[in-house]
file my_file-v2.tsv (TSV, C-alpha atoms)
chain	number	residue	atom	x	y	z
A	17	MET	CA	-8.74	14.29	-23.82
A	18	SER	CA	-7.59	14.31	-20.25
A	19	GLU	CA	-5.18	11.71	-18.92
A	20	PRO	CA	-6.75	8.44	-17.85
A	21	PHE	CA	-7.21	8.10	-14.12
A	22	THR	CA	-5.20	5.16	-12.75
A	23	THR	CA	-5.04	3.64	-9.29
A	24	GLU	CA	-3.80	0.35	-7.83
A	25	VAL	CA	-4.57	-1.59	-4.66
A	26	ASP	CA	-3.54	-4.88	-3.05
A	27	LEU	CA	-6.49	-6.96	-1.90
A	28	PRO	CA	-6.45	-9.79	0.66
A	29	ALA	CA	-8.34	-12.36	-1.44
A	30	PRO	CA	-7.67	-14.58	-4.45
A	31	VAL	CA	-8.35	-13.28	-7.95
A	32	GLU	CA	-11.45	-15.45	-8.30
A	33	GLU	CA	-13.03	-13.79	-5.26
A	34	VAL	CA	-12.13	-10.29	-6.44
A	35	PHE	CA	-13.49	-11.12	-9.89
A	36	ARG	CA	-16.76	-12.20	-8.25
A	37	HIS	CA	-17.00	-8.76	-6.61
A	38	LEU	CA	-16.88	-7.20	-10.09
A	39	THR	CA	-19.46	-9.47	-11.68
A	40	ASP	CA	-21.97	-10.69	-9.07
A	41	PRO	CA	-24.67	-8.18	-7.99
A	42	ALA	CA	-24.78	-9.25	-4.34
A	43	ALA	CA	-20.98	-9.06	-4.08
A	44	MET	CA	-20.86	-5.75	-5.98
A	45	VAL	CA	-23.16	-3.93	-3.57
A	46	ARG	CA	-20.96	-4.99	-0.65
A	47	TRP	CA	-18.49	-2.36	-1.87
A	48	MET	CA	-20.21	-0.13	-4.43
A	49	GLY	CA	-23.80	0.98	-4.77
A	50	GLN	CA	-27.08	-0.13	-3.28
A	51	HIS	CA	-28.53	-1.95	-6.27
A	52	ALA	CA	-26.78	-3.68	-9.17
A	53	THR	CA	-27.93	-5.38	-12.35
A	54	LEU	CA	-24.97	-7.21	-13.84
A	55	ARG	CA	-24.73	-9.52	-16.83
A	56	PRO	CA	-21.00	-10.18	-17.15
A	57	VAL	CA	-20.77	-11.13	-20.81
A	58	PRO	CA	-19.63	-8.82	-23.63
A	59	GLY	CA	-22.53	-6.45	-24.30
A	60	GLY	CA	-24.26	-7.40	-21.05
A	61	ALA	CA	-25.68	-4.87	-18.62
A	62	PHE	CA	-23.48	-3.11	-16.06
A	63	GLU	CA	-25.92	-1.05	-14.00
A	64	VAL	CA	-25.17	0.15	-10.49
A	65	ASP	CA	-27.16	2.71	-8.52
A	66	ILE	CA	-24.70	4.54	-6.31
A	67	ASN	CA	-26.27	6.84	-3.73
A	68	GLY	CA	-29.09	7.62	-6.11
A	69	VAL	CA	-26.87	8.18	-9.15
A	70	PRO	CA	-27.76	5.68	-11.89
A	71	VAL	CA	-24.41	4.54	-13.29
A	72	ARG	CA	-25.13	2.75	-16.55
A	73	GLY	CA	-22.91	0.86	-18.96
A	74	ARG	CA	-22.09	-2.52	-20.40
A	75	TYR	CA	-19.50	-5.17	-19.93
A	76	LEU	CA	-17.21	-4.78	-22.93
A	77	GLU	CA	-14.61	-7.45	-22.16
A	78	VAL	CA	-14.81	-10.19	-19.55
A	79	ASP	CA	-11.78	-12.43	-19.09
A	80	PRO	CA	-12.27	-14.46	-15.87
A	81	PRO	CA	-10.63	-14.09	-13.48
A	82	ARG	CA	-8.07	-11.59	-14.75
A	83	ARG	CA	-9.76	-8.66	-16.46
A	84	VAL	CA	-13.04	-6.76	-16.72
A	85	LEU	CA	-13.69	-3.77	-18.98
A	86	VAL	CA	-16.96	-1.89	-18.60
A	87	SER	CA	-18.43	1.24	-20.11
A	88	TRP	CA	-19.56	3.80	-17.54
A	89	GLY	CA	-21.93	6.74	-17.75
A	90	VAL	CA	-24.85	8.27	-15.92
A	91	ALA	CA	-28.46	7.85	-17.08
A	92	GLY	CA	-30.18	11.18	-17.62
A	93	ASN	CA	-26.94	13.15	-17.90
A	94	PRO	CA	-26.65	14.15	-21.58
A	95	ALA	CA	-23.08	15.32	-21.12
A	96	MET	CA	-22.03	12.04	-19.55
A	97	PRO	CA	-24.33	9.47	-21.13
A	98	PRO	CA	-24.16	5.73	-20.53
A	99	GLY	CA	-21.11	4.37	-22.31
A	100	ALA	CA	-19.22	7.69	-22.34
A	101	THR	CA	-16.26	6.49	-20.28
A	102	GLU	CA	-14.57	3.15	-19.65
A	103	VAL	CA	-13.32	1.51	-16.48
A	104	GLU	CA	-10.83	-1.33	-16.72
A	105	PHE	CA	-10.06	-3.69	-13.82
A	106	THR	CA	-6.95	-5.85	-14.18
A	107	LEU	CA	-6.34	-8.55	-11.55
A	108	THR	CA	-2.93	-10.12	-10.91
A	109	PRO	CA	-2.39	-12.93	-8.37
A	110	THR	CA	0.08	-12.11	-5.59
A	111	GLN	CA	1.39	-14.05	-2.61
A	112	GLY	CA	-1.10	-12.34	-0.31
A	113	GLY	CA	-4.03	-12.23	-2.67
A	114	THR	CA	-4.66	-9.96	-5.63
A	115	HIS	CA	-3.16	-6.81	-7.08
A	116	LEU	CA	-5.91	-4.72	-8.69
A	117	ARG	CA	-5.15	-2.01	-11.23
A	118	LEU	CA	-8.02	0.30	-12.16
A	119	VAL	CA	-7.96	2.64	-15.15
A	120	HIS	CA	-10.84	5.08	-15.77
A	121	ARG	CA	-10.44	6.57	-19.23
A	122	ASN	CA	-12.10	8.62	-21.98
A	123	LEU	CA	-12.86	11.60	-19.78
A	124	PRO	CA	-12.67	14.65	-22.07
A	125	PRO	CA	-12.12	17.88	-20.11
A	126	GLY	CA	-15.60	19.38	-20.32
A	127	GLU	CA	-17.39	16.15	-19.64
A	128	ALA	CA	-14.91	15.18	-16.98
A	129	ALA	CA	-15.76	18.35	-15.15
A	130	ILE	CA	-19.46	17.66	-15.41
A	131	HIS	CA	-18.77	14.15	-14.21
A	132	GLY	CA	-17.05	15.87	-11.30
A	133	VAL	CA	-20.36	17.26	-10.13
A	134	GLY	CA	-21.45	13.71	-9.56
A	135	TRP	CA	-18.26	12.75	-7.79
A	136	ALA	CA	-18.54	15.76	-5.48
A	137	HIS	CA	-21.99	14.56	-4.56
A	138	PHE	CA	-20.71	11.04	-3.89
A	139	LEU	CA	-17.80	12.26	-1.83
A	140	ASP	CA	-19.90	14.44	0.41
A	141	ARG	CA	-22.02	11.45	1.24
A	142	LEU	CA	-19.05	9.16	1.60
A	143	ALA	CA	-17.40	11.58	3.97
A	144	SER	CA	-20.54	11.55	6.13
A	145	ALA	CA	-20.73	7.77	6.06
A	146	ALA	CA	-17.03	7.41	6.86
A	147	ALA	CA	-17.45	9.73	9.83
A	148	GLY	CA	-20.06	7.35	11.26
A	149	ALA	CA	-23.08	9.41	10.37
A	150	ASP	CA	-26.03	7.71	8.77
A	151	PRO	CA	-26.31	9.45	5.39
A	152	THR	CA	-29.62	11.21	5.12
A	153	PRO	CA	-31.94	10.19	2.29
A	154	ASP	CA	-30.22	11.07	-0.96
A	155	PRO	CA	-31.68	14.30	-2.37
A	156	TRP	CA	-31.14	12.91	-5.88
A	157	ASN	CA	-33.45	10.08	-4.93
A	158	GLN	CA	-36.33	12.29	-3.97
A	159	GLY	CA	-39.20	13.49	-6.10
B	1	MET	CA	-8.56	26.97	-8.85
B	2	ASN	CA	-11.66	26.92	-6.71
B	3	PRO	CA	-13.60	23.62	-6.83
B	4	ASP	CA	-16.80	25.18	-5.51
B	5	ALA	CA	-16.67	27.92	-8.12
B	6	ALA	CA	-15.99	25.34	-10.82
B	7	LEU	CA	-18.93	23.19	-9.80
B	8	LYS	CA	-21.23	26.21	-9.62
B	9	ALA	CA	-20.00	27.37	-13.01
B	10	LEU	CA	-20.78	23.95	-14.45
B	11	ALA	CA	-24.30	23.91	-13.07
B	12	GLU	CA	-25.49	26.07	-15.98
B	13	PRO	CA	-26.22	24.24	-19.28
B	14	HIS	CA	-24.99	27.02	-21.58
B	15	ARG	CA	-21.67	27.10	-19.75
B	16	ARG	CA	-21.30	23.35	-20.18
B	17	ALA	CA	-22.02	23.78	-23.88
B	18	ILE	CA	-19.41	26.56	-24.09
B	19	LEU	CA	-16.84	24.34	-22.39
B	20	THR	CA	-17.48	21.57	-24.86
B	21	LEU	CA	-16.98	24.02	-27.74
B	22	VAL	CA	-13.73	25.50	-26.42
B	23	ALA	CA	-12.41	22.05	-25.49
B	24	ASP	CA	-12.14	21.31	-29.23
B	25	GLU	CA	-10.32	24.49	-30.26
B	26	PRO	CA	-9.79	28.11	-29.17
B	27	ARG	CA	-12.77	30.19	-30.29
B	28	PRO	CA	-13.81	33.86	-30.26
B	29	VAL	CA	-17.03	34.97	-28.55
B	30	GLY	CA	-18.91	35.42	-31.83
B	31	ASP	CA	-18.09	31.92	-32.96
B	32	ILE	CA	-19.30	30.46	-29.66
B	33	ALA	CA	-22.53	32.46	-29.85
B	34	GLY	CA	-23.04	31.20	-33.40
B	35	HIS	CA	-23.18	27.64	-32.07
B	36	LEU	CA	-25.65	28.45	-29.31
B	37	ASP	CA	-29.03	30.13	-29.06
B	38	ILE	CA	-27.75	33.04	-26.95
B	39	THR	CA	-26.30	36.48	-27.64
B	40	PRO	CA	-22.55	37.29	-27.71
B	41	GLN	CA	-23.16	39.42	-24.60
B	42	ALA	CA	-24.55	36.39	-22.77
B	43	VAL	CA	-21.61	34.30	-23.98
B	44	SER	CA	-19.22	36.92	-22.58
B	45	ARG	CA	-20.93	36.79	-19.20
B	46	HIS	CA	-20.72	33.00	-19.13
B	47	LEU	CA	-17.05	33.11	-20.17
B	48	LYS	CA	-16.34	35.49	-17.30
B	49	VAL	CA	-17.82	33.00	-14.83
B	50	LEU	CA	-15.88	30.12	-16.41
B	51	HIS	CA	-12.68	32.16	-16.37
B	52	GLU	CA	-13.10	33.13	-12.73
B	53	ALA	CA	-13.67	29.45	-11.89
B	54	GLY	CA	-10.37	28.60	-13.58
B	55	LEU	CA	-12.01	26.50	-16.28
B	56	VAL	CA	-11.34	28.71	-19.30
B	57	ASP	CA	-8.32	30.73	-20.44
B	58	GLU	CA	-8.26	33.81	-22.63
B	59	ARG	CA	-5.72	34.01	-25.43
B	60	ARG	CA	-4.85	36.81	-27.87
B	61	GLU	CA	-3.98	36.23	-31.49
B	62	GLY	CA	-3.36	39.66	-33.04
B	63	THR	CA	-6.57	41.57	-32.45
B	64	ARG	CA	-8.63	38.46	-31.79
B	65	HIS	CA	-9.60	37.30	-28.30
B	66	LEU	CA	-9.89	33.54	-28.16
B	67	PHE	CA	-11.17	31.36	-25.36
B	68	VAL	CA	-9.98	27.85	-24.64
B	69	VAL	CA	-10.34	25.22	-21.92
B	70	ASN	CA	-7.83	25.53	-19.10
B	71	PRO	CA	-6.70	21.95	-18.47
B	72	ASP	CA	-5.34	22.86	-15.01
B	73	GLY	CA	-8.88	23.76	-14.02
B	74	PHE	CA	-9.78	20.11	-14.14
B	75	THR	CA	-7.35	18.96	-11.49
B	76	ALA	CA	-10.22	19.00	-9.04
B	77	VAL	CA	-12.09	16.52	-11.19
B	78	GLN	CA	-9.15	14.11	-11.04
B	79	GLU	CA	-9.17	14.60	-7.30
B	80	PHE	CA	-12.86	13.78	-7.10
B	81	LEU	CA	-12.24	10.66	-9.15
B	82	ALA	CA	-9.31	9.70	-6.96
B	83	GLY	CA	-11.45	10.14	-3.86
B	84	PHE	CA	-14.31	8.14	-5.30
B	85	TRP	CA	-12.18	5.15	-6.28
B	86	ALA	CA	-10.04	5.32	-3.14
B	87	GLU	CA	-13.17	5.13	-1.02
B	88	HIS	CA	-14.74	2.29	-2.99
B	89	LEU	CA	-11.58	0.23	-3.36
B	90	GLY	CA	-11.11	0.69	0.39
B	91	ARG	CA	-14.57	-0.80	0.85
B	92	LEU	CA	-13.69	-3.63	-1.52
B	93	LYS	CA	-10.61	-4.38	0.54
B	94	THR	CA	-12.70	-4.48	3.71
B	95	ALA	CA	-15.30	-6.69	2.04
B	96	LEU	CA	-12.57	-9.15	1.02
B	97	ALA	CA	-10.75	-9.25	4.35
B	98	PRO	CA	-10.69	-12.79	5.79
B	99	GLY	CA	-13.23	-13.32	8.54
B	100	ASP	CA	-14.79	-9.95	8.00
B	101	PRO	CA	-18.56	-10.15	8.30
B	102	ALA	CA	-20.53	-8.69	5.47
B	103	PRO	CA	-21.71	-5.17	6.31
call {"tool": "encode", "arguments": {"input": "my_file-v2.tsv", "output": "structure tokens"}}
result
Amino acid sequence: MSEPFTTEVDLPAPVEEVFRHLTDPAAMVRWMGQHATLRPVPGGAFEVDINGVPVRGRYLEVDPPRRVLVSWGVAGNPAMPPGATEVEFTLTPTQGGTHLRLVHRNLPPGEAAIHGVGWAHFLDRLASAAAGADPTPDPWNQG
Amino acid sequence: MNPDAALKALAEPHRRAILTLVADEPRPVGDIAGHLDITPQAVSRHLKVLHEAGLVDERREGTRHLFVVNPDGFTAVQEFLAGFWAEHLGRLKTALAPGDPAP
């Protein structure tokens, strides 16, 4: 197994508001994906379409407003099926808002690399969007 | 390693299957072929592509040639992941900024 991927960020909002952005579909798509189906109870759906890539999983643990653990995979990708990896969000109140720690784990080397194909696709589009270009229709969305 | 070469190498299903096999343990060509529906010659060609992409290492044990995943070859994947989450958490930060209108 490869090392878990870990990153941390300070956010300018209270934990309750950050938690809402992890569990409410309208809030989720403000920062990730274009369509989300979320049922934030253990075993409930965690489904986010991100630039045409159908990320599919379930909420595994929901501890409002401090922690969310979801499974994360890609529908139609047999090497990276729904539920193959896990993403954990841990929220800690700070003076200025919220400290968020994200851990993405269970990426075995071969599957992680395959997963990487998806990330490369995302990043190309993100780079275009960040540069001010309107991303063209997603080729993965066509046909 | 070369990310483009790695991604191209991974675009082929047999090569992904080979990677999964050699991620578990070092294996000789014949053993890999025995798990797949392709010839040892085809396995060798795929291993060459994977090796050139930095995804697989060759190892000798006596007279045996074994192939195994090269963990360094997956640095690019970690970088992709880092980029993905950096971008999205950046968007989350913007979405949560006081007075910031929803995009």
call {"tool": "closest_residue", "arguments": {"input": "my_file-v2.tsv", "among": "A:Gly49, A:Gly113, A:Phe62, A:Leu27", "to": "Gly89 in chain A", "atoms": "all atoms listed in the file"}}
result
A:Phe62
call {"tool": "atom_distance", "arguments": {"input": "my_file-v2.tsv", "atom1": "CA of Val29 in chain B", "atom2": "CA of Val69 in chain B"}}
result
13.6 Å
call {"tool": "closest_residue", "arguments": {"input": "my_file-v2.tsv", "among": "A:Gly92, A:Pro30, A:Pro80, A:Pro20", "to": "Val119 in chain A", "atoms": "only C-alpha atoms"}}
result
A:Pro20
call {"tool": "residues_near_point", "arguments": {"input": "my_file-v2.tsv", "point": "(-22.0, -6.0, -12.2)", "cutoff": "10 Å", "atoms": "only C-alpha atoms", "output": "list in words"}}
result
Arg36, His37, Leu38, Thr39, Asp40, Pro41, Ala42, Ala43, Met44, Val45, Met48, His51, Ala52, Thr53, Leu54, Arg55, Pro56, Gly60, Ala61, Phe62, Glu63, Val64, Gly73, Arg74, Tyr75 and Val86 of chain A
call {"tool": "residues_near_point", "arguments": {"input": "my_file-v2.tsv", "point": "(-12.3, -12.3, -16.1)", "cutoff": "12 Å", "atoms": "all atoms listed in the file", "output": "list in words"}}
result
Val31, Glu32, Glu33, Val34, Phe35, Arg36, His37, Leu38, Thr39, Pro56, Val57, Pro58, Tyr75, Leu76, Glu77, Val78, Asp79, Pro80, Pro81, Arg82, Arg83, Val84, Leu85, Val86, Glu104, Phe105, Thr106, Leu107 and Thr108 of chain A
call {"tool": "atom_distance", "arguments": {"input": "my_file-v2.tsv", "atom1": "CA of Pro98 in chain A", "atom2": "CA of Arg72 in chain A"}}
result
5.1 Å
call {"tool": "atom_distance", "arguments": {"input": "my_file-v2.tsv", "atom1": "CA of His51 in chain B", "atom2": "CA of Arg15 in chain B"}}
result
10.9 Å
call {"tool": "residues_around", "arguments": {"input": "my_file-v2.tsv", "residues": "Asp26 in chain A", "least_positions_apart": "4", "cutoff": "8 Å", "atoms": "all atoms listed in the file", "output": "mmCIF file with C-alpha atoms, in the frame of the given file"}}
result
data_model
loop_
_atom_site.group_PDB
_atom_site.id
_atom_site.type_symbol
_atom_site.label_atom_id
_atom_site.label_comp_id
_atom_site.auth_asym_id
_atom_site.auth_seq_id
_atom_site.Cartn_x
_atom_site.Cartn_y
_atom_site.Cartn_z
ATOM 1 C CA GLY A 113 -4.030 -12.230 -2.670
ATOM 2 C CA THR A 114 -4.660 -9.960 -5.630
ATOM 3 C CA HIS A 115 -3.160 -6.810 -7.080
ATOM 4 C CA LEU A 116 -5.910 -4.720 -8.690
ATOM 5 C CA LYS B 93 -10.610 -4.380 0.540
#
call {"tool": "closest_residue", "arguments": {"input": "my_file-v2.tsv", "among": "B:Pro26, B:Gly83, B:Pro13, B:Pro40", "to": "Asp57 in chain B", "atoms": "all atoms listed in the file"}}
result
B:Pro26
call {"tool": "closest_residue", "arguments": {"input": "my_file-v2.tsv", "among": "B:Leu81, B:Val49, B:Ala33, B:Leu66", "to": "chain A", "atoms": "all atoms listed in the file"}}
result
B:Leu81
call {"tool": "residues_around", "arguments": {"input": "my_file-v2.tsv", "residues": "Asp65 in chain A", "least_positions_apart": "3", "cutoff": "6 Å", "atoms": "all atoms listed in the file", "output": "number ranges by chain"}}
result
A: 49-51, 68-71
call {"tool": "build_atoms", "arguments": {"input": "my_file-v2.tsv", "residues": "range 89-120 of chain A", "atoms": "N, CA and C atoms", "output": "short mmCIF file (atom, residue, chain, number, x, y, z; two decimals), keeping the file's coordinate frame"}}
result
data_model
loop_
_atom_site.label_atom_id
_atom_site.label_comp_id
_atom_site.auth_asym_id
_atom_site.auth_seq_id
_atom_site.Cartn_x
_atom_site.Cartn_y
_atom_site.Cartn_z
N GLY A 89 -21.35 5.41 -17.58
CA GLY A 89 -21.93 6.74 -17.75
C GLY A 89 -23.05 6.91 -16.74
N VAL A 90 -23.78 8.01 -16.87
CA VAL A 90 -24.85 8.27 -15.92
C VAL A 90 -26.14 8.51 -16.70
N ALA A 91 -27.17 7.69 -16.41
CA ALA A 91 -28.46 7.85 -17.08
C ALA A 91 -29.03 9.23 -16.78
N GLY A 92 -29.55 9.88 -17.80
CA GLY A 92 -30.18 11.18 -17.62
C GLY A 92 -29.21 12.34 -17.62
N ASN A 93 -27.92 12.07 -17.81
CA ASN A 93 -26.94 13.15 -17.90
C ASN A 93 -26.43 13.21 -19.34
N PRO A 94 -26.99 14.14 -20.15
CA PRO A 94 -26.65 14.15 -21.58
C PRO A 94 -25.18 14.42 -21.85
N ALA A 95 -24.50 15.05 -20.91
CA ALA A 95 -23.08 15.32 -21.12
C ALA A 95 -22.21 14.12 -20.73
N MET A 96 -22.80 13.18 -20.05
CA MET A 96 -22.03 12.04 -19.55
C MET A 96 -22.89 10.80 -19.72
N PRO A 97 -23.32 10.52 -20.94
CA PRO A 97 -24.33 9.47 -21.13
C PRO A 97 -23.76 8.08 -20.88
N PRO A 98 -24.63 7.10 -20.68
CA PRO A 98 -24.16 5.73 -20.53
C PRO A 98 -23.21 5.36 -21.66
N GLY A 99 -22.08 4.77 -21.30
CA GLY A 99 -21.11 4.37 -22.31
C GLY A 99 -20.05 5.42 -22.61
N ALA A 100 -20.14 6.60 -21.99
CA ALA A 100 -19.22 7.69 -22.34
C ALA A 100 -17.78 7.42 -21.89
N THR A 101 -17.61 6.75 -20.76
CA THR A 101 -16.26 6.49 -20.28
C THR A 101 -16.08 4.98 -20.11
N GLU A 102 -14.86 4.57 -19.85
CA GLU A 102 -14.57 3.15 -19.65
C GLU A 102 -13.77 2.96 -18.37
N VAL A 103 -14.09 1.88 -17.66
CA VAL A 103 -13.32 1.51 -16.48
C VAL A 103 -12.79 0.10 -16.68
N GLU A 104 -11.49 -0.03 -16.53
CA GLU A 104 -10.83 -1.33 -16.72
C GLU A 104 -10.27 -1.82 -15.39
N PHE A 105 -10.59 -3.04 -15.02
CA PHE A 105 -10.06 -3.69 -13.82
C PHE A 105 -9.14 -4.82 -14.28
N THR A 106 -7.89 -4.78 -13.85
CA THR A 106 -6.95 -5.85 -14.18
C THR A 106 -6.48 -6.49 -12.89
N LEU A 107 -6.64 -7.81 -12.78
CA LEU A 107 -6.34 -8.55 -11.55
C LEU A 107 -5.10 -9.41 -11.76
N THR A 108 -4.15 -9.31 -10.83
CA THR A 108 -2.93 -10.12 -10.91
C THR A 108 -2.76 -10.86 -9.58
N PRO A 109 -2.58 -12.20 -9.62
CA PRO A 109 -2.39 -12.93 -8.37
C PRO A 109 -1.09 -12.50 -7.69
N THR A 110 -1.12 -12.39 -6.38
CA THR A 110 0.08 -12.11 -5.59
C THR A 110 0.14 -13.15 -4.46
N GLN A 111 1.25 -13.10 -3.71
CA GLN A 111 1.39 -14.05 -2.61
C GLN A 111 0.26 -13.88 -1.59
N GLY A 112 -0.09 -12.60 -1.34
CA GLY A 112 -1.10 -12.34 -0.31
C GLY A 112 -2.51 -12.25 -0.85
N GLY A 113 -2.68 -12.36 -2.13
CA GLY A 113 -4.03 -12.23 -2.67
C GLY A 113 -4.03 -11.75 -4.11
N THR A 114 -4.46 -10.49 -4.28
CA THR A 114 -4.66 -9.96 -5.63
C THR A 114 -4.18 -8.51 -5.71
N HIS A 115 -3.48 -8.21 -6.78
CA HIS A 115 -3.16 -6.81 -7.08
C HIS A 115 -4.18 -6.34 -8.12
N LEU A 116 -4.88 -5.26 -7.78
CA LEU A 116 -5.91 -4.72 -8.69
C LEU A 116 -5.43 -3.38 -9.25
N ARG A 117 -5.46 -3.28 -10.57
CA ARG A 117 -5.15 -2.01 -11.23
C ARG A 117 -6.44 -1.53 -11.90
N LEU A 118 -6.79 -0.28 -11.61
CA LEU A 118 -8.02 0.30 -12.16
C LEU A 118 -7.65 1.50 -13.04
N VAL A 119 -8.17 1.50 -14.25
CA VAL A 119 -7.96 2.64 -15.15
C VAL A 119 -9.33 3.15 -15.59
N HIS A 120 -9.58 4.44 -15.34
CA HIS A 120 -10.84 5.08 -15.77
C HIS A 120 -10.48 6.06 -16.88
#
